[in-house]
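Student: I'm passing along final-v2.txt; it holds compact mmCIF, C-alpha atoms.
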# COMPACT_ATOMS: atom_id res chain seq x y z
CA MET A 1 3.05 -35.69 -32.38
CA ALA A 2 3.50 -34.02 -35.78
CA GLU A 3 4.89 -30.99 -33.98
CA THR A 4 7.39 -33.11 -32.09
CA LEU A 5 8.48 -34.78 -35.32
CA SER A 6 9.22 -31.50 -37.08
CA GLY A 7 11.05 -30.46 -33.94
CA ILE A 8 13.26 -33.50 -34.12
CA ALA A 9 14.21 -32.59 -37.68
CA LYS A 10 15.28 -29.14 -36.45
CA LEU A 11 17.23 -30.76 -33.64
CA LYS A 12 18.95 -33.15 -36.06
CA GLY A 13 20.11 -30.20 -38.09
CA LYS A 14 21.90 -28.91 -34.98
CA VAL A 15 24.00 -32.02 -34.31
CA GLY A 16 27.66 -31.09 -34.08
CA GLU A 17 26.96 -27.35 -34.08
CA ALA A 18 28.15 -25.21 -31.17
CA TRP A 19 25.31 -23.20 -29.66
CA LYS A 20 25.64 -19.53 -28.90
CA PRO A 21 28.15 -18.98 -26.05
CA ARG A 22 26.56 -17.52 -22.94
CA GLU A 23 28.26 -15.82 -20.00
CA TYR A 24 27.36 -16.35 -16.36
CA LEU A 25 28.71 -14.47 -13.37
CA ILE A 26 29.08 -16.90 -10.47
CA GLU A 27 27.72 -15.42 -7.28
CA GLY A 28 28.26 -16.81 -3.80
CA GLU A 29 24.56 -17.30 -3.30
CA MET A 30 24.33 -19.52 -6.41
CA ILE A 31 26.95 -21.81 -4.88
CA ARG A 32 25.27 -21.81 -1.48
CA ARG A 33 21.84 -22.46 -3.00
CA PHE A 34 23.27 -25.37 -4.91
CA ALA A 35 24.94 -26.88 -1.80
CA ARG A 36 21.70 -26.46 0.18
CA ALA A 37 19.71 -28.18 -2.58
CA VAL A 38 22.08 -31.16 -2.48
CA GLY A 39 22.12 -31.09 1.32
CA ASP A 40 25.91 -30.89 1.13
CA THR A 41 27.27 -29.25 4.29
CA ASN A 42 30.97 -29.48 3.33
CA PRO A 43 32.71 -26.40 4.83
CA LEU A 44 34.57 -25.91 1.53
CA TRP A 45 31.44 -24.51 -0.17
CA LYS A 46 29.56 -23.32 2.89
CA ASP A 47 30.59 -19.69 2.43
CA GLY A 48 29.97 -19.71 -1.30
CA ASN A 49 33.59 -19.05 -2.31
CA ILE A 50 34.32 -22.38 -4.00
CA ALA A 51 31.77 -24.46 -5.90
CA PRO A 52 31.50 -28.25 -5.68
CA PRO A 53 32.28 -30.01 -8.99
CA ALA A 54 28.63 -30.89 -9.63
CA PHE A 55 27.73 -27.17 -9.49
CA THR A 56 28.94 -27.08 -13.10
CA LEU A 57 25.70 -28.83 -14.07
CA SER A 58 23.71 -25.77 -13.05
CA ILE A 59 25.61 -23.18 -15.09
CA GLY A 60 23.49 -22.15 -18.06
CA PHE A 61 21.38 -25.29 -17.81
CA GLU A 62 18.02 -23.52 -17.56
CA GLN A 63 18.76 -21.52 -20.71
CA PHE A 64 19.88 -24.64 -22.53
CA VAL A 65 16.66 -26.50 -21.63
CA GLU A 66 14.63 -23.48 -22.73
CA ASP A 67 16.43 -23.32 -26.10
CA LEU A 68 16.04 -27.07 -26.52
CA MET A 69 12.31 -27.02 -25.80
CA LYS A 70 11.82 -24.22 -28.33
CA LEU A 71 13.26 -26.50 -30.99
CA THR A 72 11.60 -29.69 -29.83
CA PRO A 73 8.73 -29.46 -27.36
CA PHE A 74 9.27 -32.78 -25.59
CA ASN A 75 6.67 -33.68 -22.98
CA THR A 76 9.19 -35.41 -20.80
CA VAL A 77 12.95 -35.47 -20.65
CA LEU A 78 14.71 -38.08 -18.54
CA MET A 79 18.40 -38.01 -17.75
CA GLY A 80 20.28 -40.99 -19.06
CA SER A 81 23.80 -40.21 -17.92
CA THR A 82 26.00 -37.43 -16.60
CA GLU A 83 29.73 -36.92 -16.86
CA ILE A 84 31.62 -34.04 -15.29
CA GLU A 85 35.30 -33.27 -15.68
CA SER A 86 36.75 -30.53 -13.48
CA TYR A 87 40.09 -28.96 -14.39
CA GLN A 88 39.94 -26.02 -11.98
CA PRO A 89 37.54 -25.20 -9.16
CA ILE A 90 34.84 -22.69 -10.09
CA LYS A 91 34.81 -19.80 -7.64
CA ARG A 92 32.69 -16.86 -6.57
CA GLY A 93 33.22 -13.93 -8.91
CA ASP A 94 34.21 -16.08 -11.91
CA THR A 95 32.63 -15.24 -15.23
CA ILE A 96 32.03 -18.55 -16.97
CA THR A 97 31.32 -18.85 -20.68
CA VAL A 98 29.28 -21.92 -21.48
CA VAL A 99 28.93 -23.51 -24.90
CA PHE A 100 26.53 -26.39 -25.49
CA LYS A 101 26.61 -28.78 -28.42
CA ILE A 102 24.46 -31.76 -29.33
CA SER A 103 26.97 -34.44 -30.27
CA ASN A 104 24.70 -37.36 -30.98
CA LEU A 105 21.01 -37.98 -31.63
CA ARG A 106 19.14 -41.23 -32.17
CA GLU A 107 15.44 -41.91 -32.57
CA ARG A 108 13.67 -45.00 -31.35
CA LYS A 109 10.05 -46.17 -31.14
CA GLY A 110 8.89 -46.31 -27.53
CA GLN A 111 5.59 -47.21 -25.86
CA THR A 112 4.32 -43.66 -26.05
CA GLY A 113 5.57 -42.90 -29.54
CA LYS A 114 8.91 -41.70 -30.73
CA MET A 115 11.76 -41.35 -28.27
CA VAL A 116 14.90 -39.38 -28.82
CA PHE A 117 18.24 -40.28 -27.27
CA MET A 118 20.40 -37.22 -27.30
CA THR A 119 23.93 -36.64 -26.06
CA PHE A 120 24.99 -33.08 -25.41
CA GLU A 121 28.34 -31.70 -24.42
CA SER A 122 29.17 -28.45 -22.72
CA THR A 123 32.39 -26.56 -22.08
CA TYR A 124 33.02 -23.99 -19.35
CA LYS A 125 35.72 -21.35 -19.75
CA ASN A 126 36.79 -18.60 -17.39
CA LYS A 127 37.68 -15.00 -18.28
CA GLU A 128 41.24 -16.05 -19.08
CA GLN A 129 39.78 -18.46 -21.68
CA GLU A 130 40.98 -21.43 -19.65
CA LEU A 131 38.82 -24.54 -19.84
CA VAL A 132 37.70 -25.11 -16.24
CA ALA A 133 35.19 -27.91 -16.79
CA ARG A 134 33.52 -30.06 -19.35
CA CYS A 135 30.26 -32.06 -19.16
CA ARG A 136 28.68 -34.72 -21.28
CA GLN A 137 25.11 -35.80 -20.68
CA MET A 138 22.62 -38.11 -22.33
CA VAL A 139 18.90 -37.44 -22.16
CA ILE A 140 15.87 -39.35 -23.33
CA GLY A 141 13.12 -37.11 -24.65
CA TYR A 142 9.61 -38.31 -25.48
CA MET B 1 35.17 -32.31 8.53
CA SER B 2 36.48 -35.82 8.92
CA ILE B 3 40.19 -36.70 9.11
CA GLN B 4 42.12 -36.03 5.89
CA LEU B 5 42.45 -39.07 3.63
CA TYR B 6 45.89 -39.70 2.11
CA TYR B 7 46.87 -41.65 -0.96
CA GLN B 8 48.65 -44.18 1.23
CA ASP B 9 45.44 -44.85 3.19
CA VAL B 10 43.71 -46.25 0.14
CA ARG B 11 43.85 -49.82 -1.13
CA LYS B 12 42.17 -51.48 -4.06
CA GLY B 13 38.81 -52.86 -2.99
CA ASP B 14 38.38 -50.37 -0.13
CA GLU B 15 34.92 -48.99 0.36
CA VAL B 16 34.20 -45.29 0.16
CA THR B 17 32.37 -44.21 3.33
CA PRO B 18 28.71 -44.61 2.25
CA LEU B 19 26.36 -41.64 2.15
CA VAL B 20 22.64 -41.93 2.75
CA LYS B 21 20.28 -39.29 1.43
CA ALA B 22 16.55 -38.97 2.03
CA PRO B 23 15.25 -36.65 -0.69
CA THR B 24 11.84 -35.11 -0.08
CA PRO B 25 9.56 -33.33 -2.59
CA ARG B 26 10.84 -30.11 -0.99
CA GLN B 27 14.42 -31.03 -1.83
CA LEU B 28 13.42 -31.73 -5.44
CA VAL B 29 11.91 -28.25 -5.63
CA MET B 30 15.10 -26.77 -4.18
CA TRP B 31 17.14 -28.67 -6.77
CA ALA B 32 14.81 -27.55 -9.55
CA GLY B 33 15.43 -23.95 -8.53
CA ALA B 34 19.19 -24.38 -8.09
CA VAL B 35 19.79 -25.85 -11.55
CA GLY B 36 16.76 -24.51 -13.40
CA ASP B 37 15.21 -27.89 -14.24
CA TYR B 38 11.44 -27.41 -14.12
CA MET B 39 10.29 -30.68 -15.69
CA PRO B 40 6.90 -31.39 -14.03
CA ILE B 41 7.72 -35.10 -13.52
CA HIS B 42 9.73 -33.86 -10.52
CA TYR B 43 6.95 -31.93 -8.76
CA ASP B 44 3.53 -32.81 -10.21
CA GLN B 45 2.30 -36.25 -9.04
CA GLU B 46 -0.61 -36.46 -11.50
CA TYR B 47 1.52 -35.42 -14.41
CA ALA B 48 4.24 -37.91 -13.47
CA ARG B 49 1.66 -40.73 -13.39
CA SER B 50 0.28 -39.64 -16.77
CA ARG B 51 3.81 -40.11 -18.14
CA GLY B 52 3.92 -43.72 -17.00
CA LEU B 53 5.80 -43.16 -13.73
CA LYS B 54 4.80 -44.34 -10.24
CA GLY B 55 4.88 -40.76 -9.06
CA ILE B 56 7.31 -37.84 -9.03
CA ILE B 57 10.92 -38.95 -9.36
CA VAL B 58 14.23 -37.65 -8.08
CA HIS B 59 16.16 -35.72 -10.76
CA GLY B 60 18.89 -37.91 -12.23
CA GLN B 61 21.36 -35.05 -11.93
CA LEU B 62 20.59 -34.74 -8.21
CA VAL B 63 21.61 -38.38 -7.77
CA GLY B 64 24.72 -37.45 -9.76
CA ALA B 65 25.35 -34.56 -7.36
CA PHE B 66 24.84 -36.95 -4.40
CA LEU B 67 27.57 -39.16 -5.89
CA GLY B 68 29.72 -36.04 -6.16
CA GLN B 69 29.17 -35.35 -2.46
CA LEU B 70 29.97 -38.99 -1.63
CA MET B 71 33.39 -38.45 -3.18
CA THR B 72 34.13 -34.91 -1.95
CA ASP B 73 33.16 -35.97 1.61
CA TRP B 74 35.52 -38.94 1.33
CA VAL B 75 38.56 -37.14 -0.10
CA GLY B 76 38.44 -34.32 2.44
CA GLU B 77 39.58 -30.74 2.07
CA GLN B 78 42.91 -31.57 0.44
CA GLY B 79 41.51 -34.08 -2.05
CA THR B 80 39.98 -33.15 -5.40
CA LEU B 81 37.25 -34.78 -7.43
CA ILE B 82 38.36 -34.38 -11.03
CA LYS B 83 36.01 -36.69 -12.89
CA LEU B 84 32.60 -38.16 -12.24
CA ASN B 85 30.39 -40.11 -14.56
CA CYS B 86 27.19 -41.97 -13.90
CA SER B 87 24.40 -43.66 -15.81
CA TYR B 88 20.90 -43.63 -14.43
CA LYS B 89 19.53 -47.16 -14.34
CA GLY B 90 16.32 -46.79 -12.37
CA MET B 91 14.09 -44.33 -10.58
CA ASN B 92 14.53 -42.91 -7.10
CA TYR B 93 11.34 -41.66 -5.49
CA PRO B 94 11.19 -38.90 -2.87
CA GLY B 95 10.39 -40.31 0.55
CA GLU B 96 12.75 -43.20 -0.07
CA ALA B 97 16.38 -43.32 0.99
CA VAL B 98 19.11 -43.17 -1.65
CA THR B 99 22.31 -44.91 -0.58
CA LEU B 100 25.48 -43.86 -2.36
CA ARG B 101 28.42 -46.25 -2.42
CA GLY B 102 31.87 -46.37 -3.92
CA LYS B 103 34.71 -48.85 -4.13
CA VAL B 104 38.37 -48.32 -5.02
CA LEU B 105 39.14 -49.80 -8.43
CA ARG B 106 42.77 -48.72 -8.75
CA LYS B 107 45.33 -46.13 -7.69
CA TYR B 108 48.18 -44.71 -9.72
CA VAL B 109 50.72 -41.92 -9.88
CA ARG B 110 51.01 -39.75 -12.98
CA LYS B 111 53.19 -36.67 -13.34
CA GLY B 112 53.71 -36.60 -9.59
CA GLU B 113 49.98 -36.59 -8.80
CA HIS B 114 48.24 -39.33 -6.88
CA PHE B 115 45.07 -40.62 -8.48
CA VAL B 116 42.41 -42.98 -7.17
CA GLU B 117 39.64 -44.36 -9.34
CA CYS B 118 36.44 -45.66 -7.78
CA SER B 119 33.31 -47.39 -8.99
CA LEU B 120 30.07 -45.73 -7.92
CA ARG B 121 26.61 -46.99 -7.20
CA ALA B 122 23.29 -45.53 -6.01
CA GLU B 123 20.69 -47.80 -4.48
CA ASN B 124 17.05 -47.58 -3.43
CA PRO B 125 15.84 -49.13 -0.14
CA ARG B 126 15.27 -52.45 -1.90
CA GLY B 127 18.96 -52.63 -2.72
CA GLU B 128 18.28 -52.11 -6.42
CA LYS B 129 20.88 -50.17 -8.38
CA THR B 130 19.48 -46.87 -9.63
CA ALA B 131 22.75 -45.39 -10.90
CA SER B 132 26.27 -46.59 -11.51
CA GLY B 133 29.46 -44.95 -12.63
CA THR B 134 33.04 -44.09 -11.83
CA ALA B 135 34.92 -41.24 -10.19
CA THR B 136 38.54 -40.13 -10.30
CA VAL B 137 40.05 -38.20 -7.42
CA VAL B 138 43.45 -36.76 -6.60
CA LEU B 139 44.61 -37.34 -3.03
CA PRO B 140 47.40 -35.75 -1.04
CA TYR B 141 50.51 -37.80 -0.41
CA LYS B 142 52.18 -37.76 2.96
CA ASP B 143 55.97 -38.03 2.99
CA ASP B 144 56.26 -39.04 6.64
CA TYR B 145 53.35 -41.44 6.38
CA LYS B 146 52.57 -43.90 9.15
CA ARG B 147 49.55 -46.04 8.54
CA LYS B 148 46.87 -45.45 11.12
CA GLY B 149 45.18 -48.49 12.54
CA ARG B 150 41.90 -47.75 10.86
CA THR B 151 39.80 -49.36 8.23
CA ARG B 152 38.23 -47.40 5.45
Rewrite the structure of this file - the entire thing - as structure tokens.
Tutor:
Amino acid sequence: MAETLSGIAKLKGKVGEAWKPREYLIEGEMIRRFARAVGDTNPLWKDGNIAPPAFTLSIGFEQFVEDLMKLTPFNTVLMGSTEIESYQPIKRGDTITVVFKISNLRERKGQTGKMVFMTFESTYKNKEQELVARCRQMVIGY
Amino acid sequence: MSIQLYYQDVRKGDEVTPLVKAPTPRQLVMWAGAVGDYMPIHYDQEYARSRGLKGIIVHGQLVGAFLGQLMTDWVGEQGTLIKLNCSYKGMNYPGEAVTLRGKVLRKYVRKGEHFVECSLRAENPRGEKTASGTATVVLPYKDDYKRKGRTR
């Protein structure tokens, strides 16, 4: 628990700070894998040329979770809410730059000790520096 | 693909064609790989129970993606889902159906574009709400529109 507590302090220090931007090249197979995982057979994304809006959630997410867990080794993280705004479809061959930011953090006492309610925001820009999507998610870590 | 939906087809209170999903542990593993979410509560039964859950649970984001599919299926190839938000209210367990529903809240025109806003809901087989939210879509507008004798 002590470890988790010190981690939360580190996390608190990050609130409002933009994390390091990371670039991802969108490949057709990433889009197809995503659609298969959802069980979404819409012909629009079948060939991997155009991504469904929820695909945005997958871009850079693994790296974000890894960075987050390095700061605060939560045992469990539950999703509280998800918001996705799409301004332009994300397509095969796009290079998307993702920036994450923790915008809000609250602590609360739960049954199994301290719980953290954290809201994080992410922006997705293409090579032309156009904002193609934006997400806001709330997670509960404990 | 189903017939294209037009702005004129939609009325306040209309139901979005429901979508039923039956996630399996295999699908959760596929999702984990697709988005890179390897939290063990989604694949390790014993671990999930040790964290106070009934068993492994469906990823919240996957339910969010199901709601996304509900809307993209409904709006057809010429419609666009521009905004989706949902809050997770309860657990979905693999092996149980997840029913995704939507209802038209309002429709409006802004800067020549035709918007429809819907409320969203995910349910477990007991009819309990496991997620709720809203979605905004843009639909095509047909100039020579004649209303088809169909209910949506």
Student: One decimal, in Å: what's the spacing between CA of Pro21 in chain A and CA of Met69 in chain A?
Tutor: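 Separation of CA of Pro21 in chain A and CA of Met69 in chain A: 17.8 Å.
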Student: Which residues of chain B are close to chain A, meaning at most 8 Å apart when you count all atoms listed in the file, and how do they look as a PyMOL selection string?
Tutor: chain B and resi 1+27-28+30-31+34-37+39+41+51+59-62+64-66+68-69+73+77+81-89
Student: CA of Gly102 in chain B and CA of Glu117 in chain B, how far apart in Å?
Tutor: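 Taking CA of Glu117 in chain B as the start and CA of Gly102 in chain B as the end point, the length is 9.7 Å.
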Student: Restricting the calculation to all atoms listed in the file, which member of A:Ile140, A:Ile8, A:Ala51, A:Ala18 is positioned closest to Thr72 in chain B?
Tutor: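 So, comparing all the options, the nearest one is A:Ala51.
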Student: Between CA of Arg106 in chain A and CA of Ala9 in chain A, measure the distance and give it in Å to one decimal.
Tutor: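 Pair CA of Arg106 in chain A / CA of Ala9 in chain A returns 11.4 Å.
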Student: Near Lys91 in chain A, within 9 Å and counting only C-alpha atoms, which residues show up once chain neighbours fewer than 4 positions away are dropped, as a PyMOL selection string?
Tutor: chain A and resi 26-28+31+48-51
Student: For a quick check of understanding, using all atoms listed in the file, which of B:Cys118, B:Ala97, B:Val10, B:Leu105 has the smallest distance to Val63 in chain B?
Tutor: B:Ala97
Student: Counting all atoms listed in the file, what is within 12 Å of range 11-14 of chain B, bar same-chain residues fewer than 2 positions away, as a list of chain:residue names?
Tutor: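 So, after excluding close chain neighbours, the residues are B:Leu5, B:Tyr6, B:Tyr7, B:Gln8, B:Asp9, B:Val16, B:Thr17, B:Pro18, B:Trp74, B:Arg101, B:Gly102, B:Lys103, B:Val104, B:Leu105, B:Arg106, B:Lys107, B:Tyr108, B:Phe115, B:Val116, B:Glu117, B:Cys118, B:Ser119, B:Arg147, B:Arg150, B:Thr151, B:Arg152.
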Student: Tell me which residues come within 8 Å of (5.2, -37.2, -7.6), as a PyMOL selection string, counting all atoms listed in the file in the file's coordinates.
Tutor: chain B and resi 25+41-49+54-57+93-94
Student: Please dump the current selection as a compact mmCIF listing (two decimals), keeping the file's coordinate frame; keep C-alpha atoms.
Tutor:
# COMPACT_ATOMS: atom_id res chain seq x y z
CA PRO B 25 9.56 -33.33 -2.59
CA ILE B 41 7.72 -35.10 -13.52
CA HIS B 42 9.73 -33.86 -10.52
CA TYR B 43 6.95 -31.93 -8.76
CA ASP B 44 3.53 -32.81 -10.21
CA GLN B 45 2.30 -36.25 -9.04
CA GLU B 46 -0.61 -36.46 -11.50
CA TYR B 47 1.52 -35.42 -14.41
CA ALA B 48 4.24 -37.91 -13.47
CA ARG B 49 1.66 -40.73 -13.39
CA LYS B 54 4.80 -44.34 -10.24
CA GLY B 55 4.88 -40.76 -9.06
CA ILE B 56 7.31 -37.84 -9.03
CA ILE B 57 10.92 -38.95 -9.36
CA TYR B 93 11.34 -41.66 -5.49
CA PRO B 94 11.19 -38.90 -2.87
Student: Measuring between all atoms listed in the file, which one of A:Pro73, A:Gly13, A:Gly141, A:Gly7 shows the shortest distance to Lys109 in chain A?
Tutor: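 Result for the nearest residue to Lys109 in chain A: A:Gly141.
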Student: Return the padded bounding box of range 68-86 of chain A as AutoDock Vina command-line options: axis-aligned, built from all atoms listed in the file, 4 Å added on each side, with centre and edge lengths in Å to one decimal.
Tutor:
--center_x 21.7 --center_y -32.6 --center_z -22.2 --size_x 38.1 --size_y 24.8 --size_z 25.5
Student: Got a minute to add N, CA and C atoms to range 41-69 of chain B and dump it as a PDB file, in the frame of the given file?
Tutor:
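Writing done, so here's out22.pdb:
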ATOM      1  N   ILE B  41       7.639 -33.743 -14.097  1.00  0.00           N
ATOM      2  CA  ILE B  41       7.720 -35.100 -13.520  1.00  0.00           C
ATOM      3  C   ILE B  41       8.433 -35.085 -12.170  1.00  0.00           C
ATOM      4  N   HIS B  42       9.033 -33.944 -11.801  1.00  0.00           N
ATOM      5  CA  HIS B  42       9.730 -33.860 -10.520  1.00  0.00           C
ATOM      6  C   HIS B  42       8.939 -33.122  -9.439  1.00  0.00           C
ATOM      7  N   TYR B  43       7.744 -32.609  -9.798  1.00  0.00           N
ATOM      8  CA  TYR B  43       6.950 -31.930  -8.760  1.00  0.00           C
ATOM      9  C   TYR B  43       5.444 -32.135  -8.867  1.00  0.00           C
ATOM     10  N   ASP B  44       4.969 -32.669 -10.000  1.00  0.00           N
ATOM     11  CA  ASP B  44       3.530 -32.810 -10.210  1.00  0.00           C
ATOM     12  C   ASP B  44       3.167 -34.302 -10.272  1.00  0.00           C
ATOM     13  N   GLN B  45       2.580 -34.804  -9.156  1.00  0.00           N
ATOM     14  CA  GLN B  45       2.300 -36.250  -9.040  1.00  0.00           C
ATOM     15  C   GLN B  45       1.412 -36.744 -10.201  1.00  0.00           C
ATOM     16  N   GLU B  46       0.327 -36.006 -10.460  1.00  0.00           N
ATOM     17  CA  GLU B  46      -0.610 -36.460 -11.500  1.00  0.00           C
ATOM     18  C   GLU B  46       0.062 -36.506 -12.858  1.00  0.00           C
ATOM     19  N   TYR B  47       0.828 -35.470 -13.125  1.00  0.00           N
ATOM     20  CA  TYR B  47       1.520 -35.420 -14.410  1.00  0.00           C
ATOM     21  C   TYR B  47       2.506 -36.581 -14.531  1.00  0.00           C
ATOM     22  N   ALA B  48       3.255 -36.831 -13.444  1.00  0.00           N
ATOM     23  CA  ALA B  48       4.240 -37.910 -13.470  1.00  0.00           C
ATOM     24  C   ALA B  48       3.547 -39.248 -13.771  1.00  0.00           C
ATOM     25  N   ARG B  49       2.391 -39.471 -13.149  1.00  0.00           N
ATOM     26  CA  ARG B  49       1.660 -40.730 -13.390  1.00  0.00           C
ATOM     27  C   ARG B  49       1.173 -40.801 -14.836  1.00  0.00           C
ATOM     28  N   SER B  50       0.760 -39.655 -15.378  1.00  0.00           N
ATOM     29  CA  SER B  50       0.280 -39.640 -16.770  1.00  0.00           C
ATOM     30  C   SER B  50       1.417 -39.947 -17.744  1.00  0.00           C
ATOM     31  N   ARG B  51       2.660 -39.809 -17.276  1.00  0.00           N
ATOM     32  CA  ARG B  51       3.810 -40.110 -18.140  1.00  0.00           C
ATOM     33  C   ARG B  51       4.350 -41.505 -17.864  1.00  0.00           C
ATOM     34  N   GLY B  52       3.549 -42.319 -17.191  1.00  0.00           N
ATOM     35  CA  GLY B  52       3.920 -43.720 -17.000  1.00  0.00           C
ATOM     36  C   GLY B  52       4.831 -43.970 -15.806  1.00  0.00           C
ATOM     37  N   LEU B  53       4.963 -42.982 -14.916  1.00  0.00           N
ATOM     38  CA  LEU B  53       5.800 -43.160 -13.730  1.00  0.00           C
ATOM     39  C   LEU B  53       4.921 -43.467 -12.514  1.00  0.00           C
ATOM     40  N   LYS B  54       5.542 -44.020 -11.463  1.00  0.00           N
ATOM     41  CA  LYS B  54       4.800 -44.340 -10.240  1.00  0.00           C
ATOM     42  C   LYS B  54       4.398 -43.084  -9.484  1.00  0.00           C
ATOM     43  N   GLY B  55       5.101 -42.025  -9.745  1.00  0.00           N
ATOM     44  CA  GLY B  55       4.880 -40.760  -9.060  1.00  0.00           C
ATOM     45  C   GLY B  55       6.052 -39.870  -9.394  1.00  0.00           C
ATOM     46  N   ILE B  56       6.180 -38.719  -8.716  1.00  0.00           N
ATOM     47  CA  ILE B  56       7.310 -37.840  -9.030  1.00  0.00           C
ATOM     48  C   ILE B  56       8.628 -38.557  -8.713  1.00  0.00           C
ATOM     49  N   ILE B  57       9.631 -38.270  -9.507  1.00  0.00           N
ATOM     50  CA  ILE B  57      10.920 -38.950  -9.360  1.00  0.00           C
ATOM     51  C   ILE B  57      12.023 -37.943  -9.029  1.00  0.00           C
ATOM     52  N   VAL B  58      13.055 -38.466  -8.395  1.00  0.00           N
ATOM     53  CA  VAL B  58      14.230 -37.650  -8.080  1.00  0.00           C
ATOM     54  C   VAL B  58      14.968 -37.347  -9.385  1.00  0.00           C
ATOM     55  N   HIS B  59      15.390 -36.106  -9.570  1.00  0.00           N
ATOM     56  CA  HIS B  59      16.160 -35.720 -10.760  1.00  0.00           C
ATOM     57  C   HIS B  59      17.412 -36.612 -10.850  1.00  0.00           C
ATOM     58  N   GLY B  60      17.674 -37.133 -12.044  1.00  0.00           N
ATOM     59  CA  GLY B  60      18.890 -37.910 -12.230  1.00  0.00           C
ATOM     60  C   GLY B  60      20.128 -37.130 -11.826  1.00  0.00           C
ATOM     61  N   GLN B  61      20.193 -35.880 -12.248  1.00  0.00           N
ATOM     62  CA  GLN B  61      21.360 -35.050 -11.930  1.00  0.00           C
ATOM     63  C   GLN B  61      21.552 -34.856 -10.428  1.00  0.00           C
ATOM     64  N   LEU B  62      20.449 -34.884  -9.669  1.00  0.00           N
ATOM     65  CA  LEU B  62      20.590 -34.740  -8.210  1.00  0.00           C
ATOM     66  C   LEU B  62      21.273 -35.990  -7.647  1.00  0.00           C
ATOM     67  N   VAL B  63      20.914 -37.151  -8.180  1.00  0.00           N
ATOM     68  CA  VAL B  63      21.610 -38.380  -7.770  1.00  0.00           C
ATOM     69  C   VAL B  63      23.083 -38.278  -8.162  1.00  0.00           C
ATOM     70  N   GLY B  64      23.339 -37.701  -9.338  1.00  0.00           N
ATOM     71  CA  GLY B  64      24.720 -37.450  -9.760  1.00  0.00           C
ATOM     72  C   GLY B  64      25.451 -36.541  -8.780  1.00  0.00           C
ATOM     73  N   ALA B  65      24.753 -35.494  -8.324  1.00  0.00           N
ATOM     74  CA  ALA B  65      25.350 -34.560  -7.360  1.00  0.00           C
ATOM     75  C   ALA B  65      25.567 -35.257  -6.000  1.00  0.00           C
ATOM     76  N   PHE B  66      24.648 -36.162  -5.632  1.00  0.00           N
ATOM     77  CA  PHE B  66      24.840 -36.950  -4.400  1.00  0.00           C
ATOM     78  C   PHE B  66      26.132 -37.772  -4.514  1.00  0.00           C
ATOM     79  N   LEU B  67      26.346 -38.365  -5.685  1.00  0.00           N
ATOM     80  CA  LEU B  67      27.570 -39.160  -5.890  1.00  0.00           C
ATOM     81  C   LEU B  67      28.802 -38.251  -5.807  1.00  0.00           C
ATOM     82  N   GLY B  68      28.639 -37.024  -6.287  1.00  0.00           N
ATOM     83  CA  GLY B  68      29.720 -36.040  -6.160  1.00  0.00           C
ATOM     84  C   GLY B  68      30.021 -35.770  -4.695  1.00  0.00           C
ATOM     85  N   GLN B  69      28.966 -35.606  -3.898  1.00  0.00           N
ATOM     86  CA  GLN B  69      29.170 -35.350  -2.460  1.00  0.00           C
ATOM     87  C   GLN B  69      29.799 -36.565  -1.776  1.00  0.00           C
TER      88      GLN B  69
END
